[in-house]
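Down below is the structure, laid out as structure tokens.
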Amino acid sequence: MNESAFDHYFKHIDDVEDWLSKTTAILSNRLMHHQSTGGLVGPICEIGIHHGEYFISLASELRRDEQAIAIDLFENQEENIDHSGMGDRHMFEGNVTKFLNPACVITLHANSTRLSPGDISKYGKIRFFSIDGGHTEAITANDLRLAERTIATGGIVALDDILHPSWTGVIIGYVRYKREGGTLRPFALVPNKLFLTDGSSVASYRSFMRSEFPHLTDQQDREFIGDMVDVFRESLPERPRWTSRFKTKVRKRVKKIKRLMSY
């Protein structure tokens, strides 16, 4: 039996520096496979790439005629106002070349707060949209609105760091988005991410995850800011997060020194 692109990538996922839960990578992949089986096609999109660990995880499930849209500030780190992540285009493109067909990847060097829905939807309605860019209230609310206006019916939005104690702007931004009339509804809390979809698709995804991952189900029908979600636990060993964060801090310091030396 031939090895899938995702299975190959998953064997080497630790080669890509980032903070992705392996359990979440598997859950996301199975959800995308479920979409494909049900006839839902279209591109994936991620705001906030870093080095591409989650992006590649999602894109590896795409068909040959589907595209993957990467949005990041990359070297314009002066616009990274809360210093969440640090997109490195060179590292990202190297990882894409290693694990994906680069021809399927559309890279937008952009600030998501200055993008319109049309800048994304012109590539097709998105079936899986990852939000992992700026972690402030305003940026989170903005990116959720972008996702809402560009996903297909039955599309999934993954909101990163929703309960992370260091990034409280994310949950505040989510509350703001809901108060301002946002229509996306959550169906699952997985390690470090909240999964959302349109209201008509919540029950279907909830049923699928309950039947597909009973061994990972921690709680069912938990209250979450006016909605009900199922909670899924971590099941696979994680690499120590401090190592990735230390490498990122070192890389930022080196870049700063190089800029100073160039003056």
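Residue names in the structure tokens use chain letters A, B, ... in the order shown, residue numbers from 1 in each chain, and ligand numbers from 1 in the order shown.
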Subject >> Distance query Arg206 (chain A) at most 8 Å, only C-alpha atoms, self and fewer than 2 positions along chain excluded, as a ChimeraX atom specification >> reply: /A:187-188,202-204,208-210,230
Would you mind exporting the chosen residues as an mmCIF file, in the first residue's frame, restricted to C-alpha atoms?
data_model
loop_
_atom_site.group_PDB
_atom_site.id
_atom_site.type_symbol
_atom_site.label_atom_id
_atom_site.label_comp_id
_atom_site.auth_asym_id
_atom_site.auth_seq_id
_atom_site.Cartn_x
_atom_site.Cartn_y
_atom_site.Cartn_z
ATOM 1 C CA PHE A 187 -17.845 22.139 17.495
ATOM 2 C CA ALA A 188 -14.589 20.950 19.088
ATOM 3 C CA VAL A 202 -21.883 21.641 13.394
ATOM 4 C CA ALA A 203 -23.957 18.530 14.130
ATOM 5 C CA SER A 204 -22.406 16.560 11.272
ATOM 6 C CA PHE A 208 -18.121 12.341 12.917
ATOM 7 C CA MET A 209 -15.560 13.184 15.599
ATOM 8 C CA ARG A 210 -17.466 11.328 18.308
ATOM 9 C CA ASP A 230 -16.689 18.533 22.660
#
**OP:** Can you pull out every residue within 9 Å of Ser84 (chain A), counting only C-alpha atoms, but drop anything in the same chain fewer than 6 positions away, and send it as a list in words?
**Re:** Gly48, Asp132, Gly133, Gly134, His135 and Trp167 of chain A
Write the selection just made, keeping C-alpha atoms, as a compact mmCIF listing (two decimals), in the first residue's frame?
# COMPACT_ATOMS: atom_id res chain seq x y z
CA GLY A 48 0.38 33.04 10.20
CA ASP A 132 -2.63 31.71 13.61
CA GLY A 133 -1.55 35.27 12.81
CA GLY A 134 -1.64 38.23 15.18
CA HIS A 135 -2.96 37.30 18.62
CA TRP A 167 -2.30 35.11 24.37
Please identify every residue of region 74-193 of chain A that has at least one atom no farther than 8 Å from an atom of region 57-64 of chain A, counting only C-alpha atoms, and for each give the shortest atom pair and the distance in Å to one decimal, arranged by chain then increasing number, as JSON lines.
{"residue": "A:Phe99", "atom": "CA", "partner": "A:Ser60", "partner_atom": "CA", "distance": 7.9}
{"residue": "A:Leu100", "atom": "CA", "partner": "A:Ser60", "partner_atom": "CA", "distance": 6.7}
{"residue": "A:Cys104", "atom": "CA", "partner": "A:Arg64", "partner_atom": "CA", "distance": 7.6}
{"residue": "A:Phe128", "atom": "CA", "partner": "A:Leu58", "partner_atom": "CA", "distance": 7.9}
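The smallest atom-to-atom distance between His215 (chain A) and any of A:Ala158, A:Arg114, A:Glu46, A:Thr23, using only C-alpha atoms, is found for A:Thr23.
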**OP:** Go through region 41-217 of chain A and collect every residue that DSSP, computed from the backbone, puts in helix (DSSP H, G or I); the answer should be as a ChimeraX atom specification.
**Re:** /A:53-59,77-79,89-99,102-104,112-114,117-121,137-148,168-179,199-212,214-216
Find the residues near region 177-186 of chain A: any atom within 8 Å, counting only C-alpha atoms, skip ones fewer than 2 places away on the same chain, and give them as a PDB file with N, CA and C atoms, in the first residue's frame.
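What landed in selection_2.pdb:
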ATOM      1  N   ALA A 141     -10.342  39.074  15.710  1.00  0.00           N
ATOM      2  CA  ALA A 141     -11.693  39.326  15.212  1.00  0.00           C
ATOM      3  C   ALA A 141     -11.677  39.553  13.697  1.00  0.00           C
ATOM      4  N   ASN A 142     -10.689  40.299  13.210  1.00  0.00           N
ATOM      5  CA  ASN A 142     -10.557  40.545  11.773  1.00  0.00           C
ATOM      6  C   ASN A 142     -10.378  39.243  11.003  1.00  0.00           C
ATOM      7  N   LEU A 144     -11.114  36.172  11.870  1.00  0.00           N
ATOM      8  CA  LEU A 144     -12.319  35.346  11.911  1.00  0.00           C
ATOM      9  C   LEU A 144     -13.348  35.826  10.889  1.00  0.00           C
ATOM     10  N   ARG A 145     -13.482  37.151  10.747  1.00  0.00           N
ATOM     11  CA  ARG A 145     -14.413  37.670   9.740  1.00  0.00           C
ATOM     12  C   ARG A 145     -13.951  37.300   8.326  1.00  0.00           C
ATOM     13  N   GLU A 148     -14.822  33.640   7.864  1.00  0.00           N
ATOM     14  CA  GLU A 148     -16.263  33.451   7.716  1.00  0.00           C
ATOM     15  C   GLU A 148     -16.720  33.781   6.297  1.00  0.00           C
ATOM     16  N   GLY A 173     -10.769  38.399  21.314  1.00  0.00           N
ATOM     17  CA  GLY A 173     -11.124  38.648  19.921  1.00  0.00           C
ATOM     18  C   GLY A 173     -12.242  37.746  19.442  1.00  0.00           C
ATOM     19  N   TYR A 174     -12.243  36.494  19.917  1.00  0.00           N
ATOM     20  CA  TYR A 174     -13.316  35.565  19.553  1.00  0.00           C
ATOM     21  C   TYR A 174     -14.655  36.048  20.119  1.00  0.00           C
ATOM     22  N   VAL A 175     -14.640  36.505  21.364  1.00  0.00           N
ATOM     23  CA  VAL A 175     -15.863  37.039  21.978  1.00  0.00           C
ATOM     24  C   VAL A 175     -16.345  38.267  21.208  1.00  0.00           C
ATOM     25  N   ALA A 188     -15.579  21.741  18.352  1.00  0.00           N
ATOM     26  CA  ALA A 188     -14.589  20.950  19.088  1.00  0.00           C
ATOM     27  C   ALA A 188     -13.448  21.822  19.587  1.00  0.00           C
ATOM     28  N   LEU A 189     -13.022  21.536  20.804  1.00  0.00           N
ATOM     29  CA  LEU A 189     -11.783  22.065  21.359  1.00  0.00           C
ATOM     30  C   LEU A 189     -10.766  20.936  21.310  1.00  0.00           C
ATOM     31  N   LEU A 194      -9.383  25.757  18.480  1.00  0.00           N
ATOM     32  CA  LEU A 194     -10.842  25.647  18.465  1.00  0.00           C
ATOM     33  C   LEU A 194     -11.269  25.442  17.023  1.00  0.00           C
ATOM     34  N   PHE A 195     -12.067  24.390  16.775  1.00  0.00           N
ATOM     35  CA  PHE A 195     -12.588  24.131  15.443  1.00  0.00           C
ATOM     36  C   PHE A 195     -13.993  24.714  15.325  1.00  0.00           C
ATOM     37  N   LEU A 196     -14.222  25.469  14.237  1.00  0.00           N
ATOM     38  CA  LEU A 196     -15.517  26.093  13.986  1.00  0.00           C
ATOM     39  C   LEU A 196     -15.976  25.766  12.568  1.00  0.00           C
ATOM     40  N   THR A 197     -17.286  25.918  12.351  1.00  0.00           N
ATOM     41  CA  THR A 197     -17.853  25.762  11.023  1.00  0.00           C
ATOM     42  C   THR A 197     -19.148  26.563  10.958  1.00  0.00           C
ATOM     43  N   ASP A 198     -19.843  26.487   9.830  1.00  0.00           N
ATOM     44  CA  ASP A 198     -21.143  27.155   9.757  1.00  0.00           C
ATOM     45  C   ASP A 198     -22.162  26.379  10.591  1.00  0.00           C
ATOM     46  N   GLY A 199     -23.199  27.072  11.010  1.00  0.00           N
ATOM     47  CA  GLY A 199     -24.167  26.482  11.919  1.00  0.00           C
ATOM     48  C   GLY A 199     -24.810  25.214  11.411  1.00  0.00           C
ATOM     49  N   VAL A 202     -22.392  21.972  12.063  1.00  0.00           N
ATOM     50  CA  VAL A 202     -21.883  21.641  13.394  1.00  0.00           C
ATOM     51  C   VAL A 202     -22.239  20.210  13.783  1.00  0.00           C
ATOM     52  N   ASP A 227     -22.024  28.514  23.329  1.00  0.00           N
ATOM     53  CA  ASP A 227     -22.204  27.333  22.487  1.00  0.00           C
ATOM     54  C   ASP A 227     -21.788  26.091  23.273  1.00  0.00           C
ATOM     55  N   MET A 228     -21.947  24.941  22.646  1.00  0.00           N
ATOM     56  CA  MET A 228     -21.526  23.679  23.241  1.00  0.00           C
ATOM     57  C   MET A 228     -20.444  23.060  22.364  1.00  0.00           C
ATOM     58  N   VAL A 229     -19.392  22.553  23.002  1.00  0.00           N
ATOM     59  CA  VAL A 229     -18.306  21.921  22.253  1.00  0.00           C
ATOM     60  C   VAL A 229     -17.927  20.604  22.913  1.00  0.00           C
TER      61      VAL A 229
END
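Among the candidates A:Pro191, A:Cys45, A:Ser112, A:Ile225, the residue lying nearest to Ile26 (chain A) is A:Pro191 (atoms considered: only C-alpha atoms).
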Original post:
Rounded to one decimal in Å, what is the spacing between CA of Asp160 (chain A) and CA of Pro214 (chain A)?
Top reply: 22.9 Å
Original post:
Of the residues A:Arg149, A:His8, A:His51, A:Lys22, which is the one nearest to Glu93 (chain A), using only C-alpha atoms?
Top reply: A:His51
Subject >> Those in region 34-241 of chain A with strand (DSSP E) from DSSP, as an NGL selection string >> reply: :A and (44-47 or 68-72 or 105-109 or 126-131 or 151-160 or 185-190 or 193-197 or 217-224 or 227-232)
